[in-house]
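Note sheet for the following structure.
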Amino acid sequence: MQQSYDVLFASSNKYKYQEASTILAEFGIKLGFFNCKLLEIQSDSIKKIALHKVTDAFNQCKKPVIVEDDGLFIDSLGGFPGPFSSYVFKTIGNNGILQLVNKKRTANFQSVIAYCDKKQLALFDIKVKGKISEKIHGKGWGYDPIFIPQGQKKTYALLKNKNKISHRYLALRKFSNWFVRRQ
Ligand code: ITT
């Protein structure tokens, strides 16, 4: 039977997969979903976390695979929640973050895409500057209702073109340039 994808996306987060799949389709890459729980090491580096995650993913699926590790880094909180973004969202959520942020609202969203197959490991990272909104705006998933990317007036949740400017888009564009050229 013919394989129906070019590379797998290993994650427990269906929103990340859905966005990644839409973005990569634009670059002619078919993304399969490997829905799984990945080993997340404790580290202050999302690159190191992504590297461990992709090695674990490849050991589980034995197919060419990518993972993504993201973090929202808030300047006035010393980069918090950063590598703990997933846990912090599940515990204090956007309301908790809004209570912690004071006048200085600058932040950045970082994404690392890690690729692994039998022969190769590769990393693609990106940082999108922006700020934390004063209130929750819109109904998107995760931090979408509170993150306003630089140069925009609305949160990710309210932007129609999130998938054309986001940290995920920019990191996947780097990955796809490399992936398409090596095939
Ligand atoms: P996997 O590790 O299983 O892929 P995860 O949700 O735990 O899924 P991360 O460790 O990368 O993924 O967590 C980053 C968190 O940051 C994620 O859970 C969301 O809460 C948030 N996040 C990442 N990208 C986002 C986006 O585009 N919009 C809103 N929130 C986002």
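The way I read the labels, and the way they are meant: chains A, B, ... in the order of the structure tokens, residue 1 as the first residue of every chain, and ligand 1 as the first ligand shown, with later ones counted on from there.
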
**Request:** Please identify all polymer residues within 9 Å of Asp44 of chain A, counting only C-alpha atoms, omitting same-chain residues fewer than 2 positions from it, and present them as a ChimeraX atom specification.
**Result:** /A:42,46-49,82-84

**Request:** Write as a ChimeraX atom specification the residues around ligand 1, taking 9 Å as the cut-off and counting only C-alpha atoms and all ligand atoms.
**Result:** /A:9-17,19,35-40,46,49-50,53,67-72,81-90,93,109-112,140-147,156-157,162-163,166-168

Please return as a JSON list (two decimals) with all heavy atoms, in the first residue's frame: the residues of segment 14-119 of chain A that backbone DSSP assigns to alpha helix (DSSP H).
[["chain", "number", "residue", "atom", "x", "y", "z"],
["A", 14, "LYS", "N", -3.83, 18.12, 19.18],
["A", 14, "LYS", "CA", -4.43, 18.07, 17.84],
["A", 14, "LYS", "C", -4.47, 19.45, 17.16],
["A", 14, "LYS", "O", -4.44, 19.55, 15.94],
["A", 14, "LYS", "CB", -5.83, 17.45, 17.89],
["A", 14, "LYS", "CG", -6.85, 18.28, 18.61],
["A", 14, "LYS", "CD", -8.25, 17.72, 18.43],
["A", 14, "LYS", "CE", -9.23, 18.73, 18.94],
["A", 14, "LYS", "NZ", -10.20, 18.51, 19.84],
["A", 15, "TYR", "N", -4.49, 20.52, 17.97],
["A", 15, "TYR", "CA", -4.51, 21.87, 17.37],
["A", 15, "TYR", "C", -3.19, 22.15, 16.66],
["A", 15, "TYR", "O", -3.15, 22.73, 15.58],
["A", 15, "TYR", "CB", -4.75, 22.95, 18.43],
["A", 15, "TYR", "CG", -6.04, 22.78, 19.17],
["A", 15, "TYR", "CD1", -6.05, 22.31, 20.47],
["A", 15, "TYR", "CD2", -7.25, 23.09, 18.56],
["A", 15, "TYR", "CE1", -7.24, 22.14, 21.16],
["A", 15, "TYR", "CE2", -8.44, 22.93, 19.24],
["A", 15, "TYR", "CZ", -8.43, 22.45, 20.55],
["A", 15, "TYR", "OH", -9.61, 22.28, 21.22],
["A", 16, "LYS", "N", -2.09, 21.74, 17.32],
["A", 16, "LYS", "CA", -0.79, 21.94, 16.70],
["A", 16, "LYS", "C", -0.73, 21.16, 15.38],
["A", 16, "LYS", "O", -0.27, 21.67, 14.36],
["A", 16, "LYS", "CB", 0.34, 21.45, 17.64],
["A", 16, "LYS", "CG", 0.71, 22.47, 18.69],
["A", 16, "LYS", "CD", 1.59, 21.90, 19.81],
["A", 16, "LYS", "CE", 2.92, 21.34, 19.35],
["A", 16, "LYS", "NZ", 3.82, 21.05, 20.51],
["A", 17, "TYR", "N", -1.20, 19.91, 15.41],
["A", 17, "TYR", "CA", -1.18, 19.10, 14.18],
["A", 17, "TYR", "C", -2.02, 19.74, 13.08],
["A", 17, "TYR", "O", -1.58, 19.84, 11.93],
["A", 17, "TYR", "CB", -1.66, 17.66, 14.44],
["A", 17, "TYR", "CG", -1.93, 16.95, 13.14],
["A", 17, "TYR", "CD1", -0.88, 16.60, 12.29],
["A", 17, "TYR", "CD2", -3.23, 16.70, 12.70],
["A", 17, "TYR", "CE1", -1.11, 16.02, 11.05],
["A", 17, "TYR", "CE2", -3.47, 16.12, 11.47],
["A", 17, "TYR", "CZ", -2.42, 15.78, 10.65],
["A", 17, "TYR", "OH", -2.65, 15.22, 9.43],
["A", 18, "GLN", "N", -3.24, 20.18, 13.44],
["A", 18, "GLN", "CA", -4.13, 20.74, 12.41],
["A", 18, "GLN", "C", -3.50, 21.95, 11.74],
["A", 18, "GLN", "O", -3.53, 22.09, 10.52],
["A", 18, "GLN", "CB", -5.49, 21.12, 13.03],
["A", 18, "GLN", "CG", -6.37, 19.92, 13.24],
["A", 18, "GLN", "CD", -7.50, 20.15, 14.24],
["A", 18, "GLN", "OE1", -7.62, 21.23, 14.83],
["A", 18, "GLN", "NE2", -8.31, 19.14, 14.46],
["A", 19, "GLU", "N", -2.92, 22.83, 12.56],
["A", 19, "GLU", "CA", -2.28, 24.01, 11.97],
["A", 19, "GLU", "C", -1.07, 23.61, 11.13],
["A", 19, "GLU", "O", -0.88, 24.10, 10.01],
["A", 19, "GLU", "CB", -1.85, 25.00, 13.06],
["A", 19, "GLU", "CG", -3.03, 25.72, 13.71],
["A", 19, "GLU", "CD", -2.59, 26.85, 14.63],
["A", 19, "GLU", "OE1", -1.39, 27.15, 14.71],
["A", 19, "GLU", "OE2", -3.48, 27.44, 15.27],
["A", 20, "ALA", "N", -0.25, 22.70, 11.66],
["A", 20, "ALA", "CA", 0.96, 22.28, 10.94],
["A", 20, "ALA", "C", 0.60, 21.64, 9.61],
["A", 20, "ALA", "O", 1.25, 21.86, 8.58],
["A", 20, "ALA", "CB", 1.77, 21.32, 11.81],
["A", 21, "SER", "N", -0.47, 20.85, 9.61],
["A", 21, "SER", "CA", -0.89, 20.16, 8.41],
["A", 21, "SER", "C", -1.34, 21.16, 7.33],
["A", 21, "SER", "O", -0.98, 21.04, 6.15],
["A", 21, "SER", "CB", -2.00, 19.18, 8.81],
["A", 21, "SER", "OG", -2.66, 18.72, 7.71],
["A", 22, "THR", "N", -2.12, 22.17, 7.73],
["A", 22, "THR", "CA", -2.56, 23.21, 6.79],
["A", 22, "THR", "C", -1.36, 23.97, 6.23],
["A", 22, "THR", "O", -1.28, 24.24, 5.03],
["A", 22, "THR", "CB", -3.48, 24.22, 7.53],
["A", 22, "THR", "OG1", -4.54, 23.50, 8.14],
["A", 22, "THR", "CG2", -4.05, 25.27, 6.61],
["A", 23, "ILE", "N", -0.43, 24.31, 7.12],
["A", 23, "ILE", "CA", 0.74, 25.09, 6.70],
["A", 23, "ILE", "C", 1.60, 24.28, 5.73],
["A", 23, "ILE", "O", 2.00, 24.76, 4.67],
["A", 23, "ILE", "CB", 1.56, 25.53, 7.94],
["A", 23, "ILE", "CG1", 0.78, 26.54, 8.78],
["A", 23, "ILE", "CG2", 2.92, 26.10, 7.53],
["A", 23, "ILE", "CD1", 1.32, 26.77, 10.19],
["A", 24, "LEU", "N", 1.89, 23.03, 6.07],
["A", 24, "LEU", "CA", 2.79, 22.24, 5.22],
["A", 24, "LEU", "C", 2.15, 21.87, 3.88],
["A", 24, "LEU", "O", 2.85, 21.70, 2.88],
["A", 24, "LEU", "CB", 3.29, 21.00, 5.96],
["A", 24, "LEU", "CG", 4.36, 21.27, 7.02],
["A", 24, "LEU", "CD1", 4.85, 19.98, 7.65],
["A", 24, "LEU", "CD2", 5.56, 22.03, 6.44],
["A", 25, "ALA", "N", 0.82, 21.77, 3.86],
["A", 25, "ALA", "CA", 0.12, 21.47, 2.58],
["A", 25, "ALA", "C", 0.44, 22.57, 1.57],
["A", 25, "ALA", "O", 0.62, 22.31, 0.38],
["A", 25, "ALA", "CB", -1.37, 21.37, 2.82],
["A", 26, "GLU", "N", 0.56, 23.81, 2.08],
["A", 26, "GLU", "CA", 0.89, 24.95, 1.21],
["A", 26, "GLU", "C", 2.27, 24.76, 0.55],
["A", 26, "GLU", "O", 2.51, 25.26, -0.54],
["A", 26, "GLU", "CB", 0.92, 26.20, 2.09],
["A", 26, "GLU", "CG", 0.95, 27.49, 1.34],
["A", 26, "GLU", "CD", 1.25, 28.65, 2.28],
["A", 26, "GLU", "OE1", 0.58, 28.71, 3.35],
["A", 26, "GLU", "OE2", 2.14, 29.43, 1.99],
["A", 46, "ILE", "N", 14.13, 24.96, 24.91],
["A", 46, "ILE", "CA", 13.13, 24.23, 24.14],
["A", 46, "ILE", "C", 13.78, 23.45, 22.99],
["A", 46, "ILE", "O", 13.21, 22.50, 22.49],
["A", 46, "ILE", "CB", 11.94, 25.12, 23.67],
["A", 46, "ILE", "CG1", 12.37, 26.22, 22.74],
["A", 46, "ILE", "CG2", 11.18, 25.68, 24.84],
["A", 46, "ILE", "CD1", 11.18, 26.93, 22.07],
["A", 47, "LYS", "N", 15.02, 23.83, 22.61],
["A", 47, "LYS", "CA", 15.73, 23.05, 21.59],
["A", 47, "LYS", "C", 16.07, 21.67, 22.15],
["A", 47, "LYS", "O", 15.89, 20.66, 21.47],
["A", 47, "LYS", "CB", 17.03, 23.75, 21.20],
["A", 47, "LYS", "CG", 16.87, 24.83, 20.18],
["A", 47, "LYS", "CD", 18.23, 25.22, 19.69],
["A", 47, "LYS", "CE", 18.17, 26.46, 18.85],
["A", 47, "LYS", "NZ", 19.46, 27.02, 18.54],
["A", 48, "LYS", "N", 16.57, 21.64, 23.38],
["A", 48, "LYS", "CA", 16.92, 20.35, 24.00],
["A", 48, "LYS", "C", 15.67, 19.50, 24.18],
["A", 48, "LYS", "O", 15.68, 18.29, 23.96],
["A", 48, "LYS", "CB", 17.58, 20.58, 25.37],
["A", 48, "LYS", "CG", 19.04, 20.92, 25.28],
["A", 48, "LYS", "CD", 19.69, 20.83, 26.65],
["A", 48, "LYS", "CE", 21.07, 21.49, 26.61],
["A", 48, "LYS", "NZ", 21.45, 22.08, 27.88],
["A", 49, "ILE", "N", 14.57, 20.13, 24.59],
["A", 49, "ILE", "CA", 13.32, 19.38, 24.80],
["A", 49, "ILE", "C", 12.87, 18.78, 23.46],
["A", 49, "ILE", "O", 12.51, 17.60, 23.38],
["A", 49, "ILE", "CB", 12.21, 20.30, 25.39],
["A", 49, "ILE", "CG1", 12.64, 20.81, 26.78],
["A", 49, "ILE", "CG2", 10.88, 19.56, 25.47],
["A", 49, "ILE", "CD1", 11.71, 21.88, 27.38],
["A", 50, "ALA", "N", 12.93, 19.60, 22.40],
["A", 50, "ALA", "CA", 12.49, 19.13, 21.07],
["A", 50, "ALA", "C", 13.36, 17.96, 20.59],
["A", 50, "ALA", "O", 12.85, 16.99, 20.02],
["A", 50, "ALA", "CB", 12.53, 20.28, 20.07],
["A", 51, "LEU", "N", 14.65, 18.04, 20.86],
["A", 51, "LEU", "CA", 15.59, 16.99, 20.45],
["A", 51, "LEU", "C", 15.25, 15.66, 21.14],
["A", 51, "LEU", "O", 15.20, 14.61, 20.50],
["A", 51, "LEU", "CB", 17.00, 17.43, 20.82],
["A", 51, "LEU", "CG", 18.15, 17.02, 19.93],
["A", 51, "LEU", "CD1", 17.90, 17.44, 18.50],
["A", 51, "LEU", "CD2", 19.44, 17.69, 20.43],
["A", 52, "HIS", "N", 14.97, 15.73, 22.42],
["A", 52, "HIS", "CA", 14.58, 14.51, 23.15],
["A", 52, "HIS", "C", 13.24, 13.99, 22.67],
["A", 52, "HIS", "O", 13.05, 12.78, 22.52],
["A", 52, "HIS", "CB", 14.54, 14.76, 24.66],
["A", 52, "HIS", "CG", 15.88, 14.62, 25.30],
["A", 52, "HIS", "ND1", 16.81, 15.64, 25.28],
["A", 52, "HIS", "CD2", 16.46, 13.60, 25.96],
["A", 52, "HIS", "CE1", 17.91, 15.24, 25.90],
["A", 52, "HIS", "NE2", 17.73, 14.00, 26.31],
["A", 53, "LYS", "N", 12.32, 14.92, 22.45],
["A", 53, "LYS", "CA", 10.98, 14.51, 22.00],
["A", 53, "LYS", "C", 11.04, 13.78, 20.66],
["A", 53, "LYS", "O", 10.39, 12.76, 20.45],
["A", 53, "LYS", "CB", 10.06, 15.74, 21.87],
["A", 53, "LYS", "CG", 9.23, 15.98, 23.10],
["A", 53, "LYS", "CD", 8.40, 17.25, 23.18],
["A", 53, "LYS", "CE", 7.66, 17.88, 22.14],
["A", 53, "LYS", "NZ", 6.79, 19.00, 22.59],
["A", 54, "VAL", "N", 11.85, 14.31, 19.73],
["A", 54, "VAL", "CA", 11.87, 13.71, 18.39],
["A", 54, "VAL", "C", 12.57, 12.35, 18.41],
["A", 54, "VAL", "O", 12.20, 11.45, 17.65],
["A", 54, "VAL", "CB", 12.47, 14.68, 17.34],
["A", 54, "VAL", "CG1", 13.98, 14.66, 17.29],
["A", 54, "VAL", "CG2", 11.89, 14.38, 15.97],
["A", 55, "THR", "N", 13.57, 12.20, 19.27],
["A", 55, "THR", "CA", 14.24, 10.91, 19.38],
["A", 55, "THR", "C", 13.26, 9.87, 19.93],
["A", 55, "THR", "O", 13.16, 8.75, 19.42],
["A", 55, "THR", "CB", 15.47, 11.03, 20.32],
["A", 55, "THR", "OG1", 16.24, 12.14, 19.89],
["A", 55, "THR", "CG2", 16.35, 9.80, 20.27],
["A", 56, "ASP", "N", 12.52, 10.27, 20.94],
["A", 56, "ASP", "CA", 11.50, 9.38, 21.51],
["A", 56, "ASP", "C", 10.44, 9.04, 20.45],
["A", 56, "ASP", "O", 10.04, 7.87, 20.30],
["A", 56, "ASP", "CB", 10.87, 10.09, 22.71],
["A", 56, "ASP", "CG", 9.81, 9.25, 23.40],
["A", 56, "ASP", "OD1", 9.96, 8.00, 23.42],
["A", 56, "ASP", "OD2", 8.82, 9.81, 23.90],
["A", 57, "ALA", "N", 10.01, 10.05, 19.69],
["A", 57, "ALA", "CA", 8.99, 9.82, 18.66],
["A", 57, "ALA", "C", 9.50, 8.84, 17.61],
["A", 57, "ALA", "O", 8.79, 7.90, 17.23],
["A", 57, "ALA", "CB", 8.63, 11.15, 17.99],
["A", 58, "PHE", "N", 10.74, 9.03, 17.16],
["A", 58, "PHE", "CA", 11.28, 8.13, 16.13],
["A", 58, "PHE", "C", 11.40, 6.69, 16.66],
["A", 58, "PHE", "O", 11.08, 5.73, 15.96],
["A", 58, "PHE", "CB", 12.64, 8.61, 15.61],
["A", 58, "PHE", "CG", 13.18, 7.72, 14.53],
["A", 58, "PHE", "CD1", 12.62, 7.73, 13.26],
["A", 58, "PHE", "CD2", 14.20, 6.82, 14.80],
["A", 58, "PHE", "CE1", 13.08, 6.88, 12.26],
["A", 58, "PHE", "CE2", 14.67, 5.96, 13.81],
["A", 58, "PHE", "CZ", 14.11, 5.99, 12.53],
["A", 59, "ASN", "N", 11.80, 6.56, 17.92],
["A", 59, "ASN", "CA", 11.88, 5.22, 18.52],
["A", 59, "ASN", "C", 10.52, 4.54, 18.58],
["A", 59, "ASN", "O", 10.42, 3.32, 18.49],
["A", 59, "ASN", "CB", 12.49, 5.29, 19.92],
["A", 59, "ASN", "CG", 13.97, 5.55, 19.86],
["A", 59, "ASN", "OD1", 14.61, 5.24, 18.85],
["A", 59, "ASN", "ND2", 14.54, 6.13, 20.91],
["A", 60, "GLN", "N", 9.47, 5.35, 18.71],
["A", 60, "GLN", "CA", 8.12, 4.76, 18.76],
["A", 60, "GLN", "C", 7.58, 4.43, 17.37],
["A", 60, "GLN", "O", 6.99, 3.38, 17.17],
["A", 60, "GLN", "CB", 7.14, 5.73, 19.44],
["A", 60, "GLN", "CG", 7.38, 5.92, 20.93],
["A", 60, "GLN", "CD", 6.25, 6.74, 21.56],
["A", 60, "GLN", "OE1", 5.08, 6.48, 21.32],
["A", 60, "GLN", "NE2", 6.61, 7.73, 22.37],
["A", 61, "CYS", "N", 7.78, 5.34, 16.39],
["A", 61, "CYS", "CA", 7.10, 5.13, 15.09],
["A", 61, "CYS", "C", 8.01, 4.58, 14.00],
["A", 61, "CYS", "O", 7.52, 4.03, 13.02],
["A", 61, "CYS", "CB", 6.43, 6.42, 14.62],
["A", 61, "CYS", "SG", 7.58, 7.72, 14.15],
["A", 85, "SER", "N", 5.25, 26.16, 29.18],
["A", 85, "SER", "CA", 4.02, 26.77, 28.66],
["A", 85, "SER", "C", 2.82, 25.82, 28.68],
["A", 85, "SER", "O", 1.70, 26.24, 29.00],
["A", 85, "SER", "CB", 4.25, 27.27, 27.23],
["A", 85, "SER", "OG", 5.18, 28.32, 27.25],
["A", 86, "SER", "N", 3.05, 24.57, 28.37],
["A", 86, "SER", "CA", 1.94, 23.62, 28.31],
["A", 86, "SER", "C", 1.36, 23.41, 29.72],
["A", 86, "SER", "O", 0.15, 23.51, 29.93],
["A", 86, "SER", "CB", 2.45, 22.30, 27.73],
["A", 86, "SER", "OG", 1.45, 21.35, 27.74],
["A", 87, "TYR", "N", 2.23, 23.19, 30.69],
["A", 87, "TYR", "CA", 1.81, 22.95, 32.08],
["A", 87, "TYR", "C", 1.13, 24.20, 32.66],
["A", 87, "TYR", "O", 0.08, 24.11, 33.30],
["A", 87, "TYR", "CB", 3.04, 22.56, 32.92],
["A", 87, "TYR", "CG", 2.70, 22.35, 34.37],
["A", 87, "TYR", "CD1", 2.00, 21.21, 34.78],
["A", 87, "TYR", "CD2", 3.08, 23.29, 35.34],
["A", 87, "TYR", "CE1", 1.67, 21.02, 36.12],
["A", 87, "TYR", "CE2", 2.76, 23.11, 36.66],
["A", 87, "TYR", "CZ", 2.06, 21.98, 37.05],
["A", 87, "TYR", "OH", 1.73, 21.80, 38.37],
["A", 88, "VAL", "N", 1.72, 25.35, 32.41],
["A", 88, "VAL", "CA", 1.18, 26.60, 32.97],
["A", 88, "VAL", "C", -0.20, 26.89, 32.36],
["A", 88, "VAL", "O", -1.12, 27.32, 33.05],
["A", 88, "VAL", "CB", 2.18, 27.77, 32.74],
["A", 88, "VAL", "CG1", 1.55, 29.12, 33.04],
["A", 88, "VAL", "CG2", 3.42, 27.55, 33.60],
["A", 89, "PHE", "N", -0.36, 26.60, 31.06],
["A", 89, "PHE", "CA", -1.67, 26.82, 30.46],
["A", 89, "PHE", "C", -2.72, 25.92, 31.12],
["A", 89, "PHE", "O", -3.82, 26.36, 31.43],
["A", 89, "PHE", "CB", -1.66, 26.58, 28.94],
["A", 89, "PHE", "CG", -2.99, 26.87, 28.34],
["A", 89, "PHE", "CD1", -3.39, 28.19, 28.15],
["A", 89, "PHE", "CD2", -3.89, 25.86, 28.05],
["A", 89, "PHE", "CE1", -4.67, 28.48, 27.67],
["A", 89, "PHE", "CE2", -5.15, 26.14, 27.57],
["A", 89, "PHE", "CZ", -5.54, 27.46, 27.37],
["A", 90, "LYS", "N", -2.32, 24.66, 31.37],
["A", 90, "LYS", "CA", -3.28, 23.72, 31.98],
["A", 90, "LYS", "C", -3.58, 24.07, 33.44],
["A", 90, "LYS", "O", -4.62, 23.71, 33.96],
["A", 90, "LYS", "CB", -2.71, 22.29, 31.94],
["A", 90, "LYS", "CG", -2.80, 21.67, 30.55],
["A", 90, "LYS", "CD", -2.27, 20.25, 30.57],
["A", 90, "LYS", "CE", -1.85, 19.81, 29.19],
["A", 90, "LYS", "NZ", -0.63, 19.00, 29.19],
["A", 91, "THR", "N", -2.68, 24.76, 34.12],
["A", 91, "THR", "CA", -2.90, 25.05, 35.54],
["A", 91, "THR", "C", -3.50, 26.45, 35.75],
["A", 91, "THR", "O", -4.66, 26.57, 36.13],
["A", 91, "THR", "CB", -1.58, 24.89, 36.33],
["A", 91, "THR", "OG1", -0.54, 25.62, 35.65],
["A", 91, "THR", "CG2", -1.18, 23.44, 36.44],
["A", 93, "GLY", "N", -3.74, 28.97, 33.31],
["A", 93, "GLY", "CA", -4.46, 29.44, 32.12],
["A", 93, "GLY", "C", -4.22, 30.90, 31.78],
["A", 93, "GLY", "O", -3.37, 31.57, 32.39],
["A", 94, "ASN", "N", -4.97, 31.40, 30.83],
["A", 94, "ASN", "CA", -4.77, 32.78, 30.37],
["A", 94, "ASN", "C", -5.13, 33.81, 31.45],
["A", 94, "ASN", "O", -4.48, 34.85, 31.56],
["A", 94, "ASN", "CB", -5.58, 33.03, 29.10],
["A", 94, "ASN", "CG", -4.95, 32.34, 27.90],
["A", 94, "ASN", "OD1", -3.74, 32.17, 27.87],
["A", 94, "ASN", "ND2", -5.77, 31.94, 26.95],
["A", 95, "ASN", "N", -6.15, 33.51, 32.26],
["A", 95, "ASN", "CA", -6.50, 34.46, 33.33],
["A", 95, "ASN", "C", -5.37, 34.59, 34.33],
["A", 95, "ASN", "O", -5.06, 35.69, 34.80],
["A", 95, "ASN", "CB", -7.79, 34.02, 34.04],
["A", 95, "ASN", "CG", -9.00, 34.37, 33.20],
["A", 95, "ASN", "OD1", -9.10, 35.49, 32.68],
["A", 95, "ASN", "ND2", -9.90, 33.41, 33.01],
["A", 96, "GLY", "N", -4.74, 33.47, 34.65],
["A", 96, "GLY", "CA", -3.61, 33.49, 35.58],
["A", 96, "GLY", "C", -2.45, 34.30, 35.02],
["A", 96, "GLY", "O", -1.82, 35.09, 35.73],
["A", 97, "ILE", "N", -2.17, 34.14, 33.72],
["A", 97, "ILE", "CA", -1.08, 34.89, 33.10],
["A", 97, "ILE", "C", -1.41, 36.40, 33.14],
["A", 97, "ILE", "O", -0.57, 37.22, 33.51],
["A", 97, "ILE", "CB", -0.87, 34.45, 31.62],
["A", 97, "ILE", "CG1", -0.36, 33.01, 31.54],
["A", 97, "ILE", "CG2", 0.04, 35.41, 30.88],
["A", 97, "ILE", "CD1", 1.11, 32.83, 31.85],
["A", 98, "LEU", "N", -2.65, 36.74, 32.83],
["A", 98, "LEU", "CA", -3.02, 38.17, 32.81],
["A", 98, "LEU", "C", -2.86, 38.81, 34.19],
["A", 98, "LEU", "O", -2.51, 39.97, 34.31],
["A", 98, "LEU", "CB", -4.45, 38.36, 32.30],
["A", 98, "LEU", "CG", -4.66, 38.06, 30.81],
["A", 98, "LEU", "CD1", -6.10, 38.30, 30.40],
["A", 98, "LEU", "CD2", -3.73, 38.89, 29.92],
["A", 99, "GLN", "N", -3.09, 38.02, 35.22],
["A", 99, "GLN", "CA", -2.91, 38.57, 36.58],
["A", 99, "GLN", "C", -1.44, 38.81, 36.91],
["A", 99, "GLN", "O", -1.11, 39.63, 37.75],
["A", 99, "GLN", "CB", -3.52, 37.60, 37.59],
["A", 99, "GLN", "CG", -5.03, 37.73, 37.68],
["A", 99, "GLN", "CD", -5.63, 36.69, 38.60],
["A", 99, "GLN", "OE1", -4.99, 36.23, 39.54],
["A", 99, "GLN", "NE2", -6.85, 36.30, 38.32],
["A", 100, "LEU", "N", -0.55, 38.02, 36.28],
["A", 100, "LEU", "CA", 0.88, 38.14, 36.59],
["A", 100, "LEU", "C", 1.57, 39.27, 35.83],
["A", 100, "LEU", "O", 2.57, 39.81, 36.28],
["A", 100, "LEU", "CB", 1.60, 36.83, 36.24],
["A", 100, "LEU", "CG", 1.27, 35.60, 37.07],
["A", 100, "LEU", "CD1", 1.97, 34.38, 36.49],
["A", 100, "LEU", "CD2", 1.73, 35.81, 38.51]]

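Nearest residue to Arg181 of chain A among A:Ile92, A:Ile165, A:Ile66, A:Ile29 is A:Ile29, counting only C-alpha atoms.
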
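Between His137 of chain A and the candidates A:Trp178, A:Leu159, A:Ile74, A:Ala114, the tightest atom-to-atom separation, counting only C-alpha atoms, involves A:Leu159.
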
**Asked** Contacts of Phe27 of chain A at 9 Å or less, counting only C-alpha atoms, minus same-chain residues fewer than 6 places along, as a list in words?
**Response**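 Near neighbours after the sequence-gap exclusion: Arg173, Ser176, Asn177 and Val180 of chain A.
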
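Counting only C-alpha atoms, the residue from A:Gly130, A:Asn102, A:Asp117, A:Ser45 that sits nearest to Val7 of chain A is A:Asp117.
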
**Asked** Looking at only C-alpha atoms, which of A:Ser133, A:Ser43, A:Thr106, A:Gln120 is the one that sits closest to Val65 of chain A?
**Response**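 For Val65 of chain A, the nearest of the given residues is A:Gln120.
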
**Item:** Point-to-point distance in Å for atom CA of Leu123 of chain A and atom CA of Gln150 of chain A
**Value:** 24.4 Å

**Atom pair atom CA of Gly151 of chain A / atom CA of Lys174 of chain A: separation (Å)** =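 Calculated distance between atom CA of Gly151 of chain A and atom CA of Lys174 of chain A is 21.2 Å.
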
**Request:** Counting only C-alpha atoms, figure out which residue out of A:Asn161, A:Asn108, A:Thr155, A:Ser4 gets nearest to Phe73 of chain A.
**Result:**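 With only C-alpha atoms as the atom set, the closest residue is A:Asn108.
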
**Message:** Can you pull out every residue from segment 81-174 of chain A that DSSP, working from the backbone, puts in strand (DSSP E), and format the result as number ranges by chain?
**Reply:** A: 81-82, 106-116, 121-132, 147-149
